[in-house]
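Raw contents of protein.txt, compact mmCIF, C-alpha atoms:
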# COMPACT_ATOMS: atom_id res chain seq x y z
CA MET A 1 104.16 128.41 113.53
CA THR A 2 102.23 131.68 113.11
CA GLU A 3 105.52 133.55 113.61
CA PHE A 4 106.61 132.27 110.19
CA PHE A 5 103.47 131.36 108.25
CA ASP A 6 100.07 132.99 107.78
CA ILE A 7 97.85 130.04 108.71
CA ASP A 8 94.26 130.73 109.78
CA GLN A 9 93.71 130.13 113.50
CA ARG A 10 90.68 128.00 112.74
CA LEU A 11 92.85 125.67 110.68
CA LEU A 12 95.36 125.48 113.51
CA ARG A 13 92.61 124.47 115.94
CA LEU A 14 91.48 121.77 113.52
CA ALA A 15 95.11 120.65 113.20
CA GLY A 16 95.21 120.07 116.95
CA MET A 17 92.02 118.02 116.73
CA ALA A 18 93.49 116.06 113.81
CA GLU A 19 96.58 115.14 115.84
CA GLU A 20 94.38 113.95 118.68
CA ARG A 21 92.49 111.76 116.20
CA ALA A 22 95.81 110.43 114.85
CA GLU A 23 97.42 109.65 118.22
CA LYS A 24 96.73 105.92 118.18
CA SER A 25 97.92 105.58 114.58
CA PHE A 26 101.08 107.53 115.39
CA GLY A 27 101.87 105.04 118.16
CA ARG A 28 101.57 102.07 115.78
CA ILE A 29 103.73 103.81 113.19
CA SER A 30 106.51 104.56 115.67
CA GLU A 31 106.55 101.00 116.99
CA THR A 32 106.93 99.62 113.46
CA ALA A 33 109.68 102.13 112.67
CA GLU A 34 111.64 101.04 115.74
CA TYR A 35 111.40 97.39 114.67
CA ASN A 36 112.46 98.13 111.09
CA SER A 37 115.32 100.36 112.22
CA ALA A 38 116.69 97.48 114.28
CA LYS A 39 116.27 95.13 111.31
CA VAL A 40 118.26 97.42 109.03
CA LEU A 41 120.98 98.06 111.61
CA ASN A 42 121.36 94.32 112.08
CA ALA A 43 121.79 93.87 108.32
CA PHE A 44 124.56 96.48 108.30
CA ILE A 45 126.36 94.83 111.22
CA GLU A 46 125.99 91.23 110.02
CA ASN A 47 127.30 92.12 106.57
CA LYS A 48 130.28 94.02 107.99
CA VAL A 49 129.67 97.33 106.29
CA GLY A 50 132.89 99.31 106.55
CA GLU A 51 134.21 102.63 105.32
CA PRO A 52 135.65 101.08 102.12
CA CYS A 53 132.08 100.13 101.18
CA LEU A 54 131.18 103.81 100.95
CA LYS A 55 133.67 104.45 98.14
CA GLY A 56 132.82 104.13 94.48
CA THR A 57 134.44 102.52 91.47
CA THR A 58 134.90 103.64 87.86
CA GLY A 59 135.11 101.91 84.52
CA TYR A 60 133.79 98.36 84.50
CA GLY A 61 133.21 98.34 88.24
CA TYR A 62 134.75 94.93 88.84
CA ASP A 63 135.09 93.85 92.50
CA ASP A 64 133.08 96.78 93.83
CA MET A 65 132.96 95.91 97.55
CA GLY A 66 130.38 98.57 98.34
CA ARG A 67 128.01 97.55 95.56
CA ASP A 68 128.16 93.86 96.40
CA THR A 69 127.82 94.40 100.15
CA LEU A 70 124.84 96.71 99.67
CA ASP A 71 123.12 93.94 97.69
CA ARG A 72 123.57 91.63 100.69
CA VAL A 73 122.31 94.28 103.14
CA TYR A 74 119.11 94.74 101.12
CA ALA A 75 118.63 90.99 100.75
CA MET A 76 118.95 90.38 104.48
CA ALA A 77 116.73 93.29 105.51
CA PHE A 78 114.03 92.21 103.04
CA GLY A 79 114.28 88.50 103.83
CA ALA A 80 115.47 87.57 100.34
CA GLU A 81 118.22 85.41 98.84
CA ASP A 82 119.76 88.15 96.72
CA ALA A 83 119.36 91.74 95.58
CA LEU A 84 120.29 94.05 92.73
CA VAL A 85 120.63 97.64 94.01
CA ARG A 86 121.88 100.09 91.39
CA HIS A 87 122.03 103.83 90.89
CA ASN A 88 121.41 103.40 87.15
CA PHE A 89 117.83 102.26 87.60
CA VAL A 90 116.13 105.47 86.50
CA ASN A 91 112.87 104.98 88.42
CA GLY A 92 110.57 102.34 89.89
CA THR A 93 109.00 101.62 86.51
CA HIS A 94 112.47 100.80 85.17
CA THR A 95 112.99 98.19 87.89
CA LEU A 96 109.61 96.64 87.09
CA SER A 97 110.35 96.61 83.36
CA THR A 98 113.79 95.09 83.93
CA ALA A 99 112.32 92.32 86.07
CA LEU A 100 109.54 91.52 83.60
CA PHE A 101 111.85 91.42 80.58
CA GLY A 102 114.43 89.52 82.63
CA VAL A 103 112.10 86.69 83.59
CA LEU A 104 109.54 86.43 80.77
CA ARG A 105 110.14 84.76 77.40
CA PRO A 106 108.15 84.64 74.12
CA ASN A 107 104.83 82.77 74.44
CA ASP A 108 104.80 83.21 78.23
CA THR A 109 101.77 84.72 79.93
CA LEU A 110 101.95 87.63 82.36
CA LEU A 111 98.96 87.68 84.69
CA SER A 112 98.14 90.73 86.77
CA LEU A 113 96.62 89.39 89.98
CA THR A 114 95.44 92.80 91.20
CA GLY A 115 93.50 94.30 88.33
CA ALA A 116 94.75 96.99 85.98
CA PRO A 117 98.41 97.98 86.43
CA TYR A 118 99.74 101.47 87.11
CA ASP A 119 99.54 103.84 84.13
CA THR A 120 103.26 103.75 83.29
CA MET A 121 103.21 99.95 82.96
CA GLU A 122 100.63 99.95 80.17
CA GLU A 123 103.06 100.78 77.36
CA ILE A 124 105.64 98.34 78.72
CA ILE A 125 103.09 95.54 78.66
CA GLY A 126 101.71 96.66 75.30
CA ILE A 127 98.10 97.38 76.25
CA ARG A 128 98.49 101.05 75.31
CA GLY A 129 100.68 102.94 72.86
CA ASP A 130 102.26 102.18 69.51
CA SER A 131 103.31 98.68 68.56
CA GLY A 132 106.86 97.98 67.46
CA ARG A 133 108.57 99.94 70.24
CA GLY A 134 109.65 96.85 72.16
CA SER A 135 106.78 96.16 74.55
CA LEU A 136 106.25 92.73 76.06
CA LYS A 137 103.48 92.23 73.52
CA ASP A 138 105.94 92.90 70.68
CA PHE A 139 108.04 90.01 72.01
CA GLY A 140 105.10 87.61 71.96
CA ILE A 141 104.27 87.75 75.67
CA ARG A 142 100.57 87.46 76.42
CA TYR A 143 98.86 89.55 79.08
CA GLU A 144 95.79 88.81 81.18
CA GLN A 145 94.43 90.29 84.38
CA CYS A 146 92.22 89.25 87.26
CA GLU A 147 89.74 92.02 87.88
CA LEU A 148 89.21 93.09 91.45
CA LEU A 149 85.93 92.55 93.24
CA ASP A 150 83.50 95.46 93.57
CA ASP A 151 85.00 96.42 96.93
CA GLY A 152 88.50 96.64 95.45
CA THR A 153 89.77 93.41 97.02
CA PRO A 154 91.37 90.53 95.09
CA ASP A 155 89.20 87.86 93.50
CA LEU A 156 90.96 84.79 94.93
CA ASP A 157 88.80 82.32 93.04
CA MET A 158 89.60 84.02 89.74
CA ILE A 159 93.30 84.11 90.68
CA ARG A 160 93.31 80.35 91.30
CA LYS A 161 91.65 79.75 87.94
CA LYS A 162 93.71 82.07 85.77
CA SER A 163 97.10 81.28 87.36
CA LYS A 164 97.09 77.82 85.84
CA ASP A 165 98.71 78.87 82.56
CA ALA A 166 100.66 81.94 83.71
CA LYS A 167 104.44 82.20 83.94
CA VAL A 168 104.39 85.33 86.12
CA GLY A 169 101.78 86.55 88.59
CA TYR A 170 102.09 90.31 89.08
CA ILE A 171 100.93 92.15 92.20
CA GLN A 172 100.76 95.92 92.56
CA ARG A 173 100.90 96.63 96.27
CA SER A 174 99.98 100.31 96.17
CA ARG A 175 96.78 101.77 94.78
CA GLY A 176 98.19 103.79 91.89
CA TYR A 177 95.73 106.35 90.56
CA SER A 178 92.71 104.48 91.89
CA LEU A 179 90.69 104.47 95.09
CA ARG A 180 90.97 100.75 95.70
CA PRO A 181 92.69 99.76 98.96
CA SER A 182 96.43 99.20 98.92
CA PHE A 183 97.22 95.59 99.75
CA THR A 184 98.61 94.70 103.15
CA ILE A 185 101.24 92.01 103.59
CA GLU A 186 98.51 89.76 104.96
CA VAL A 187 96.41 90.22 101.81
CA ILE A 188 99.47 89.75 99.57
CA GLU A 189 100.16 86.46 101.34
CA ARG A 190 96.60 85.31 100.56
CA ILE A 191 96.98 86.34 96.91
CA ILE A 192 100.23 84.37 96.62
CA LYS A 193 98.69 81.32 98.26
CA ALA A 194 95.72 81.41 95.85
CA ALA A 195 97.99 81.79 92.81
CA ARG A 196 100.14 78.85 93.87
CA GLU A 197 97.07 76.70 94.45
CA GLY A 198 96.34 77.26 90.77
CA ASN A 199 99.97 76.92 89.65
CA PRO A 200 102.70 75.84 92.08
CA ASP A 201 105.41 77.02 89.66
CA ILE A 202 104.12 80.54 89.04
CA ILE A 203 106.68 83.30 89.62
CA ILE A 204 105.23 85.99 91.89
CA MET A 205 106.48 89.53 91.32
CA VAL A 206 105.41 92.44 93.52
CA ASP A 207 105.60 96.12 92.68
CA ASN A 208 106.68 97.19 96.16
CA CYS A 209 106.84 100.93 95.46
CA TYR A 210 105.72 103.09 98.42
CA GLY A 211 105.41 100.05 100.70
CA GLU A 212 108.92 99.40 102.02
CA PHE A 213 109.18 99.58 105.84
CA VAL A 214 105.52 100.49 106.31
CA GLU A 215 104.92 97.06 107.85
CA LYS A 216 107.29 94.74 109.68
CA LYS A 217 107.46 92.26 106.79
CA GLU A 218 108.07 92.65 103.06
CA PRO A 219 106.38 90.54 100.35
CA THR A 220 109.51 88.39 99.98
CA GLN A 221 108.89 87.18 103.52
CA VAL A 222 105.45 85.81 102.65
CA GLY A 223 106.26 83.99 99.43
CA ALA A 224 106.97 86.58 96.71
CA ASP A 225 109.78 85.59 94.35
CA LEU A 226 110.75 89.14 93.38
CA ILE A 227 110.03 92.63 94.70
CA MET A 228 111.01 95.87 93.02
CA GLY A 229 111.10 99.55 93.92
CA SER A 230 112.68 102.97 93.61
CA LEU A 231 115.35 104.58 95.78
CA ILE A 232 113.75 108.01 95.49
CA LYS A 233 110.80 106.53 97.33
CA ASN A 234 110.93 104.75 100.70
CA PRO A 235 114.21 102.79 100.72
CA GLY A 236 116.37 105.72 99.63
CA GLY A 237 115.51 107.58 102.82
CA ALA A 238 115.43 110.96 101.00
CA ILE A 239 119.22 110.73 100.65
CA ALA A 240 119.72 108.53 97.59
CA SER A 241 119.47 110.85 94.59
CA THR A 242 118.49 108.14 92.11
CA GLY A 243 118.35 104.37 91.70
CA GLY A 244 116.26 101.32 92.35
CA TYR A 245 116.36 97.73 93.57
CA ILE A 246 115.19 94.22 92.76
CA CYS A 247 115.17 91.63 95.57
CA GLY A 248 114.23 87.99 95.69
CA LYS A 249 115.25 84.50 94.60
CA LYS A 250 118.91 84.38 93.57
CA ALA A 251 118.37 82.76 90.18
CA LEU A 252 115.69 85.29 89.24
CA VAL A 253 117.74 88.27 90.44
CA GLU A 254 120.61 87.06 88.24
CA MET A 255 118.24 86.95 85.24
CA CYS A 256 117.24 90.53 85.99
CA ALA A 257 120.90 91.56 86.27
CA ASP A 258 121.56 90.05 82.83
CA ARG A 259 118.76 92.22 81.49
CA LEU A 260 120.06 95.38 83.20
CA THR A 261 123.65 94.90 81.93
CA CYS A 262 124.18 92.01 79.53
CA VAL A 263 124.07 88.24 79.50
CA GLY A 264 127.21 86.72 80.96
CA MET A 265 128.17 89.82 82.97
CA GLY A 266 125.08 90.50 85.07
CA LYS A 267 125.89 91.70 88.58
CA GLU A 268 129.67 91.57 88.11
CA VAL A 269 129.89 94.91 86.31
CA GLY A 270 128.64 98.41 86.84
CA ALA A 271 130.68 101.25 88.31
CA THR A 272 129.08 102.94 91.30
CA LEU A 273 131.00 106.21 90.86
CA GLY A 274 130.20 108.29 93.95
CA THR A 275 126.79 106.87 94.81
CA ASN A 276 127.52 104.18 97.41
CA ARG A 277 127.57 106.42 100.46
CA GLU A 278 124.18 108.00 99.78
CA MET A 279 122.56 104.64 99.00
CA TYR A 280 123.87 103.13 102.24
CA MET A 281 122.97 106.14 104.34
CA GLY A 282 119.55 106.43 102.72
CA PHE A 283 118.71 102.80 103.43
CA PHE A 284 119.87 103.22 107.03
CA MET A 285 117.63 106.27 107.46
CA ALA A 286 114.68 104.80 105.57
CA PRO A 287 112.61 103.38 108.47
CA ALA A 288 112.68 106.71 110.31
CA VAL A 289 111.91 108.70 107.16
CA VAL A 290 109.02 106.37 106.33
CA GLU A 291 107.75 106.97 109.87
CA SER A 292 107.63 110.72 109.18
CA ALA A 293 105.94 110.20 105.82
CA LEU A 294 103.27 107.99 107.38
CA LYS A 295 102.58 110.45 110.19
CA THR A 296 102.27 113.24 107.63
CA SER A 297 99.82 111.10 105.63
CA VAL A 298 97.70 110.23 108.65
CA PHE A 299 97.61 113.88 109.77
CA ALA A 300 96.54 114.98 106.29
CA CYS A 301 93.68 112.49 106.25
CA ALA A 302 92.56 113.46 109.74
CA LEU A 303 92.61 117.18 108.92
CA PHE A 304 90.77 116.86 105.61
CA GLU A 305 88.20 114.52 107.15
CA LEU A 306 87.47 117.26 109.66
CA LEU A 307 87.14 119.64 106.70
CA GLY A 308 84.48 117.38 105.20
CA PHE A 309 86.42 115.48 102.52
CA LYS A 310 86.69 111.75 101.94
CA THR A 311 90.13 110.20 102.25
CA TYR A 312 91.45 106.77 101.30
CA PRO A 313 92.55 105.24 103.56
CA SER A 314 90.88 106.95 106.48
CA SER A 315 92.99 108.49 109.21
CA THR A 316 92.30 105.52 111.51
CA ASP A 317 93.01 102.71 109.01
CA GLU A 318 96.25 100.76 109.33
CA ARG A 319 98.69 101.54 106.52
CA THR A 320 100.59 99.39 104.06
CA ASP A 321 102.04 102.24 101.98
CA ILE A 322 102.75 105.94 102.37
CA ILE A 323 100.07 107.12 99.92
CA ALA A 324 96.79 108.80 100.81
CA SER A 325 94.07 109.86 98.37
CA ILE A 326 92.16 113.01 99.25
CA CYS A 327 89.00 113.43 97.16
CA LEU A 328 88.71 117.13 96.35
CA GLU A 329 85.66 116.76 94.05
CA ASN A 330 86.66 119.11 91.22
CA GLU A 331 89.64 120.32 89.20
CA GLU A 332 89.74 123.76 90.83
CA ARG A 333 90.13 122.36 94.34
CA LEU A 334 92.60 119.73 93.15
CA THR A 335 94.80 122.36 91.50
CA ALA A 336 94.64 124.63 94.55
CA PHE A 337 95.58 121.77 96.86
CA CYS A 338 98.64 120.85 94.81
CA GLN A 339 99.71 124.47 94.50
CA GLY A 340 99.34 124.83 98.27
CA ILE A 341 101.59 121.82 98.83
CA GLN A 342 104.14 123.47 96.55
CA LYS A 343 103.97 126.69 98.58
CA GLY A 344 104.82 124.72 101.72
CA SER A 345 107.85 123.02 100.17
CA PRO A 346 111.53 123.75 100.96
CA VAL A 347 112.53 123.90 97.27
CA ASP A 348 110.73 125.84 94.50
CA SER A 349 108.04 127.08 96.88
CA TYR A 350 107.59 130.13 94.65
CA CYS A 351 106.53 127.97 91.68
CA ALA A 352 102.95 127.06 90.80
CA PRO A 353 102.53 123.57 89.31
CA GLU A 354 100.19 123.18 86.35
CA ALA A 355 98.82 120.04 84.71
CA TRP A 356 100.78 118.81 81.67
CA ASP A 357 101.08 115.87 79.29
CA MET A 358 103.49 113.81 81.33
CA PRO A 359 105.21 110.89 79.52
CA GLY A 360 103.69 107.51 80.31
CA TYR A 361 100.21 108.79 81.23
CA ASP A 362 97.04 109.00 79.13
CA SER A 363 95.73 112.23 80.70
CA LYS A 364 97.21 115.48 81.95
CA VAL A 365 98.92 115.18 85.34
CA ILE A 366 99.60 117.86 87.94
CA MET A 367 102.54 117.28 90.26
CA ALA A 368 103.54 119.30 93.31
CA ALA A 369 107.03 118.36 94.46
CA GLY A 370 109.25 121.01 95.95
CA ALA A 371 111.90 118.41 96.70
CA PHE A 372 115.67 118.23 97.12
CA THR A 373 115.65 115.34 94.63
CA MET A 374 113.52 115.84 91.52
CA GLY A 375 110.46 113.60 91.64
CA ALA A 376 111.32 112.09 95.01
CA SER A 377 107.97 110.97 96.38
CA ILE A 378 109.40 110.13 99.80
CA GLU A 379 109.55 113.92 100.14
CA LEU A 380 106.22 115.69 100.60
CA SER A 381 104.51 115.73 97.24
CA ALA A 382 101.08 115.49 95.68
CA ASP A 383 100.07 114.53 92.18
CA ALA A 384 96.97 113.58 90.25
CA PRO A 385 95.65 112.97 86.77
CA ILE A 386 93.09 115.59 85.79
CA ARG A 387 90.13 113.24 85.70
CA GLU A 388 87.46 111.84 87.97
CA PRO A 389 87.44 111.48 90.96
CA PHE A 390 89.69 114.59 91.17
CA ALA A 391 91.66 113.11 94.05
CA ALA A 392 95.11 114.23 95.12
CA TRP A 393 97.50 111.37 95.72
CA LEU A 394 99.62 112.56 98.60
CA GLN A 395 102.88 110.98 99.69
CA GLY A 396 106.08 111.71 101.56
CA GLY A 397 107.26 114.04 104.27
CA ILE A 398 110.84 113.54 105.42
CA THR A 399 110.13 115.20 108.75
CA TYR A 400 106.73 115.24 110.37
CA PRO A 401 106.80 118.92 111.53
CA THR A 402 107.53 120.20 108.00
CA GLY A 403 105.11 117.70 106.48
CA LYS A 404 102.38 119.02 108.76
CA ILE A 405 103.15 122.60 107.70
CA GLY A 406 102.95 121.59 104.04
CA ILE A 407 99.50 120.08 104.58
CA LEU A 408 98.33 123.23 106.34
CA HIS A 409 99.54 125.31 103.39
CA ALA A 410 97.37 123.17 101.10
CA ALA A 411 94.31 123.76 103.29
CA GLN A 412 95.10 127.47 103.54
CA GLU A 413 95.31 127.74 99.75
CA LEU A 414 91.82 126.29 99.43
CA LEU A 415 90.59 128.76 102.05
CA ASN A 416 92.28 131.71 100.34
CA ARG A 417 90.55 130.91 97.05
CA GLY A 418 87.12 130.56 98.59
CA LEU A 419 87.07 126.82 97.92
CA LEU A 420 86.78 125.88 101.58
CA SER A 421 84.37 127.13 104.20
CA LEU A 422 85.13 127.13 107.93
CA THR A 423 82.51 127.73 110.59
Now that the file is in, can you turn its structure into structure tokens?
Amino acid sequence: MTEFFDIDQRLLRLAGMAEERAEKSFGRISETAEYNSAKVLNAFIENKVGEPCLKGTTGYGYDDMGRDTLDRVYAMAFGAEDALVRHNFVNGTHTLSTALFGVLRPNDTLLSLTGAPYDTMEEIIGIRGDSGRGSLKDFGIRYEQCELLDDGTPDLDMIRKKSKDAKVGYIQRSRGYSLRPSFTIEVIERIIKAAREGNPDIIIMVDNCYGEFVEKKEPTQVGADLIMGSLIKNPGGAIASTGGYICGKKALVEMCADRLTCVGMGKEVGATLGTNREMYMGFFMAPAVVESALKTSVFACALFELLGFKTYPSSTDERTDIIASICLENEERLTAFCQGIQKGSPVDSYCAPEAWDMPGYDSKVIMAAGAFTMGASIELSADAPIREPFAAWLQGGITYPTGKIGILHAAQELLNRGLLSLT
């Protein structure tokens, strides 16, 4: 490594210690990746994916074999009845918005079961921003939330109580810009059980972003009615250049499809142009790419723990998503960390990210993402709002060796600026 990059020898020694600390976690990650790779391969084989599926259609997109087969592949791999996988979902928030507007009706109640939602959902729900722009609130949909307990875990008693009058129970699997724990499949199953004890008919929707293929099961396999996510995160395998998915109960997926296109046409239309091949190949690669991202995340936590910083989760905790929060304590360190990640990126390494007023957020956000696909957080990236606790939310790493180098660049940048002391 020193032949190509100027990394302090003391950091390299700590990197070796970090990998020793991560060895047990790496073993668990690889075993899960092998299982999920077999699961995806089986879905390809059972659904008879052939070369014609890799071609695209134009115009209305009627009878698109590749599009319809890919829906079935996703549904089988995720243990669901049906799926809606489309390149014209612009991001994960778009899939979530489509699902909410597809299922909810005026006078319904949306209940967040896991506390406050991610920042970009606030304007969609109508709890932030101008009225009259078409939020759920503008359409007469009520919103309530079950606050988390002091330790960041779900309040199951409150969930049972508040679910009684709710149409949709909403779960955010990943932590967002908070330090609460991300929710494992086991915890999600308990949340769903509690909600259904309060209301057997409640529709459970899970924001599955960053969680696909991290565990052996998905939320649809423990009772969720719908899950949603982005193809420039885990399931796109760093190959899909855009898109998203919704998976779950067939009737609900069809309602979401009517929202994405129009009522009466739903899933039957939508040209795929030239996107089928990359969406298939990305999904096939996804378990292995997620493995690399998880190893990069665990290594980063182990290294920065050795450097004296707090990380969430810790390097030894079992993972349910690819995100790690590294608490850097002040804006100067946070900025240096993100700029170091950028310097260790394959694309735009010569750029220096700065915080800016990013759409959908209520504070300035800094984002380091020298990626082949703009904004692809399955590729090594780091971002953070400029506010307490000044933590960098780290995700991605499509190969572990390059992910490791990117993390070392971040540490080196702190060292170069006198923001890190090594004995």
Q: Would you list the contacts of Phe78 (chain A) as JSON, numbers by chain, taking every protein, DNA or RNA residue within 7 Å and counting only C-alpha atoms, but skipping same-chain residues closer than 3 positions in sequence?
A: {"A": [74, 75, 218, 220]}
Output file for the selection above: C-alpha atoms, as a PDB file, in the frame of the given file:
ATOM      1  CA  TYR A  74     119.110  94.740 101.120  1.00  0.00           C
ATOM      2  CA  ALA A  75     118.630  90.990 100.750  1.00  0.00           C
ATOM      3  CA  GLU A 218     108.070  92.650 103.060  1.00  0.00           C
ATOM      4  CA  THR A 220     109.510  88.390  99.980  1.00  0.00           C
TER       5      THR A 220
END
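A straight line drawn from CA of Ile341 (chain A) to CA of Glu278 (chain A) is 26.5 Å long.
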At a cut-off of 9 Å from (106.5, 86.1, 96.8) in the coordinates of the file, what residues are picked up using only C-alpha atoms, written as a PDB file with C-alpha atoms, keeping the file's coordinate frame?
ATOM      1  CA  ILE A 188      99.470  89.750  99.570  1.00  0.00           C
ATOM      2  CA  GLU A 189     100.160  86.460 101.340  1.00  0.00           C
ATOM      3  CA  ILE A 192     100.230  84.370  96.620  1.00  0.00           C
ATOM      4  CA  ILE A 203     106.680  83.300  89.620  1.00  0.00           C
ATOM      5  CA  ILE A 204     105.230  85.990  91.890  1.00  0.00           C
ATOM      6  CA  MET A 205     106.480  89.530  91.320  1.00  0.00           C
ATOM      7  CA  VAL A 206     105.410  92.440  93.520  1.00  0.00           C
ATOM      8  CA  PRO A 219     106.380  90.540 100.350  1.00  0.00           C
ATOM      9  CA  THR A 220     109.510  88.390  99.980  1.00  0.00           C
ATOM     10  CA  GLN A 221     108.890  87.180 103.520  1.00  0.00           C
ATOM     11  CA  VAL A 222     105.450  85.810 102.650  1.00  0.00           C
ATOM     12  CA  GLY A 223     106.260  83.990  99.430  1.00  0.00           C
ATOM     13  CA  ALA A 224     106.970  86.580  96.710  1.00  0.00           C
ATOM     14  CA  ASP A 225     109.780  85.590  94.350  1.00  0.00           C
ATOM     15  CA  LEU A 226     110.750  89.140  93.380  1.00  0.00           C
ATOM     16  CA  ILE A 227     110.030  92.630  94.700  1.00  0.00           C
ATOM     17  CA  GLY A 248     114.230  87.990  95.690  1.00  0.00           C
TER      18      GLY A 248
END
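Using all atoms listed in the file, the shortest contact distance between Met281 (chain A) and any of A:Ala38, A:Met358, A:Ile185, A:Val49 is found at A:Val49.
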Would you mind listing, for every residue of region 175-255 of chain A within 7 Å of region 92-100 of chain A, the two atoms forming the shortest contact and the distance between them in Å to one decimal, using all atoms listed in the file, sorted by chain and ascending residue number, as CSV?
residue,atom,partner,partner_atom,distance
A:Asp207,CA,A:Leu96,CA,6.9
A:Cys209,CA,A:Gly92,CA,6.9
A:Met228,CA,A:Thr95,CA,6.0
A:Gly229,CA,A:Gly92,CA,4.9
A:Ser230,CA,A:Gly92,CA,4.3
A:Gly244,CA,A:Gly92,CA,6.3
A:Tyr245,CA,A:Thr95,CA,6.6
A:Ile246,CA,A:Thr95,CA,6.7
Q. Hey, can you pull every residue with an atom no more than 8 Å from (99.3, 108.4, 96.4), using only C-alpha atoms, and send it as a ChimeraX atom specification?
A. /A:175-177,322-325,382-383,392-395
Write out as a PDB file with C-alpha atoms, keeping the file's coordinate frame each polymer residue whose atoms come within 7 Å of region 361-373 of chain A, counting all atoms listed in the file; drop sequence neighbours fewer than 5 positions from it.
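Ended up saving to selection_38.pdb:
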ATOM      1  CA  ASP A 119      99.540 103.840  84.130  1.00  0.00           C
ATOM      2  CA  THR A 120     103.260 103.750  83.290  1.00  0.00           C
ATOM      3  CA  SER A 241     119.470 110.850  94.590  1.00  0.00           C
ATOM      4  CA  CYS A 338      98.640 120.850  94.810  1.00  0.00           C
ATOM      5  CA  GLN A 339      99.710 124.470  94.500  1.00  0.00           C
ATOM      6  CA  ILE A 341     101.590 121.820  98.830  1.00  0.00           C
ATOM      7  CA  GLN A 342     104.140 123.470  96.550  1.00  0.00           C
ATOM      8  CA  SER A 345     107.850 123.020 100.170  1.00  0.00           C
ATOM      9  CA  PRO A 346     111.530 123.750 100.960  1.00  0.00           C
ATOM     10  CA  VAL A 347     112.530 123.900  97.270  1.00  0.00           C
ATOM     11  CA  ASP A 348     110.730 125.840  94.500  1.00  0.00           C
ATOM     12  CA  SER A 349     108.040 127.080  96.880  1.00  0.00           C
ATOM     13  CA  PRO A 353     102.530 123.570  89.310  1.00  0.00           C
ATOM     14  CA  GLU A 354     100.190 123.180  86.350  1.00  0.00           C
ATOM     15  CA  ALA A 355      98.820 120.040  84.710  1.00  0.00           C
ATOM     16  CA  TRP A 356     100.780 118.810  81.670  1.00  0.00           C
ATOM     17  CA  GLU A 379     109.550 113.920 100.140  1.00  0.00           C
ATOM     18  CA  LEU A 380     106.220 115.690 100.600  1.00  0.00           C
ATOM     19  CA  SER A 381     104.510 115.730  97.240  1.00  0.00           C
ATOM     20  CA  ALA A 382     101.080 115.490  95.680  1.00  0.00           C
ATOM     21  CA  ASP A 383     100.070 114.530  92.180  1.00  0.00           C
ATOM     22  CA  ALA A 384      96.970 113.580  90.250  1.00  0.00           C
ATOM     23  CA  PRO A 385      95.650 112.970  86.770  1.00  0.00           C
ATOM     24  CA  ILE A 386      93.090 115.590  85.790  1.00  0.00           C
TER      25      ILE A 386
END
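Rounded to one decimal, CA of Ser163 (chain A) and CA of Lys137 (chain A) lie 18.8 Å from each other.
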Q) In terms of the shortest atom-to-atom distance over all atoms listed in the file, which of A:Ala116, A:Ile398, A:Leu149, A:Val263 is closest to Ala238 (chain A)? A) A:Ile398
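Note that the spacing between CA of Met65 (chain A) and CA of Val214 (chain A) amounts to 29.2 Å.
Closest approach to Asn416 (chain A) among A:Glu291, A:Asp8, A:Glu268, A:Glu3 is made by A:Asp8 (distances from all atoms listed in the file).
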Using only C-alpha atoms, which residues of region 192-304 of chain A come within 6 Å of region 18-36 of chain A, and what is the closest atom pair for each, with the distance in Å to one decimal? Give it as a Markdown table, sorted by chain and residue number.
| residue | atom | partner | partner_atom | distance |
| --- | --- | --- | --- | --- |
| A:Pro287 | CA | A:Ala33 | CA | 5.3 |
| A:Ala288 | CA | A:Ala33 | CA | 6.0 |
| A:Glu291 | CA | A:Ala33 | CA | 5.9 |
| A:Ala302 | CA | A:Ala18 | CA | 4.9 |
| A:Leu303 | CA | A:Ala18 | CA | 5.1 |
Kindly save the residues from that selection, with C-alpha atoms included, as a compact mmCIF listing (two decimals), keeping the file's coordinate frame.
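Generated file (out-v6.txt):
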# COMPACT_ATOMS: atom_id res chain seq x y z
CA PRO A 287 112.61 103.38 108.47
CA ALA A 288 112.68 106.71 110.31
CA GLU A 291 107.75 106.97 109.87
CA ALA A 302 92.56 113.46 109.74
CA LEU A 303 92.61 117.18 108.92
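Closest to Asp82 (chain A) among A:Lys249, A:Thr296, A:Glu147, A:Val269 is A:Lys249, based on all atoms listed in the file.
Nearest to Met121 (chain A) of all the residues A:Phe283, A:Phe5, A:Phe89, A:Tyr170 is A:Tyr170, counting all atoms listed in the file.
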Edge lengths and centre, in Å to one decimal, as AutoDock Vina command-line options: that's what I need for the box along x, y and z that holds all listed atoms of region 166-174 of chain A plus 4 Å on each side.
--center_x 102.2 --center_y 91.1 --center_z 90.0 --size_x 12.5 --size_y 26.4 --size_z 20.6
Q. What's the 10 Å shell around Gly270 (chain A), counting only C-alpha atoms, without same-chain residues fewer than 2 positions away, as a list in words?
A. Thr57, Thr58, Gly59, Tyr60, Gly61, Tyr62, Asp63, Asp64, Arg67, Arg86, His87, Asn88, Leu260, Thr261, Met265, Gly266, Lys267, Glu268, Thr272 and Leu273 of chain A
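Minimum atom-to-atom distances from A:Gly237, A:Gly344, A:Gly169, A:Gly243 to Leu113 (chain A) were compared using only C-alpha atoms, and the lowest value belongs to A:Gly169.
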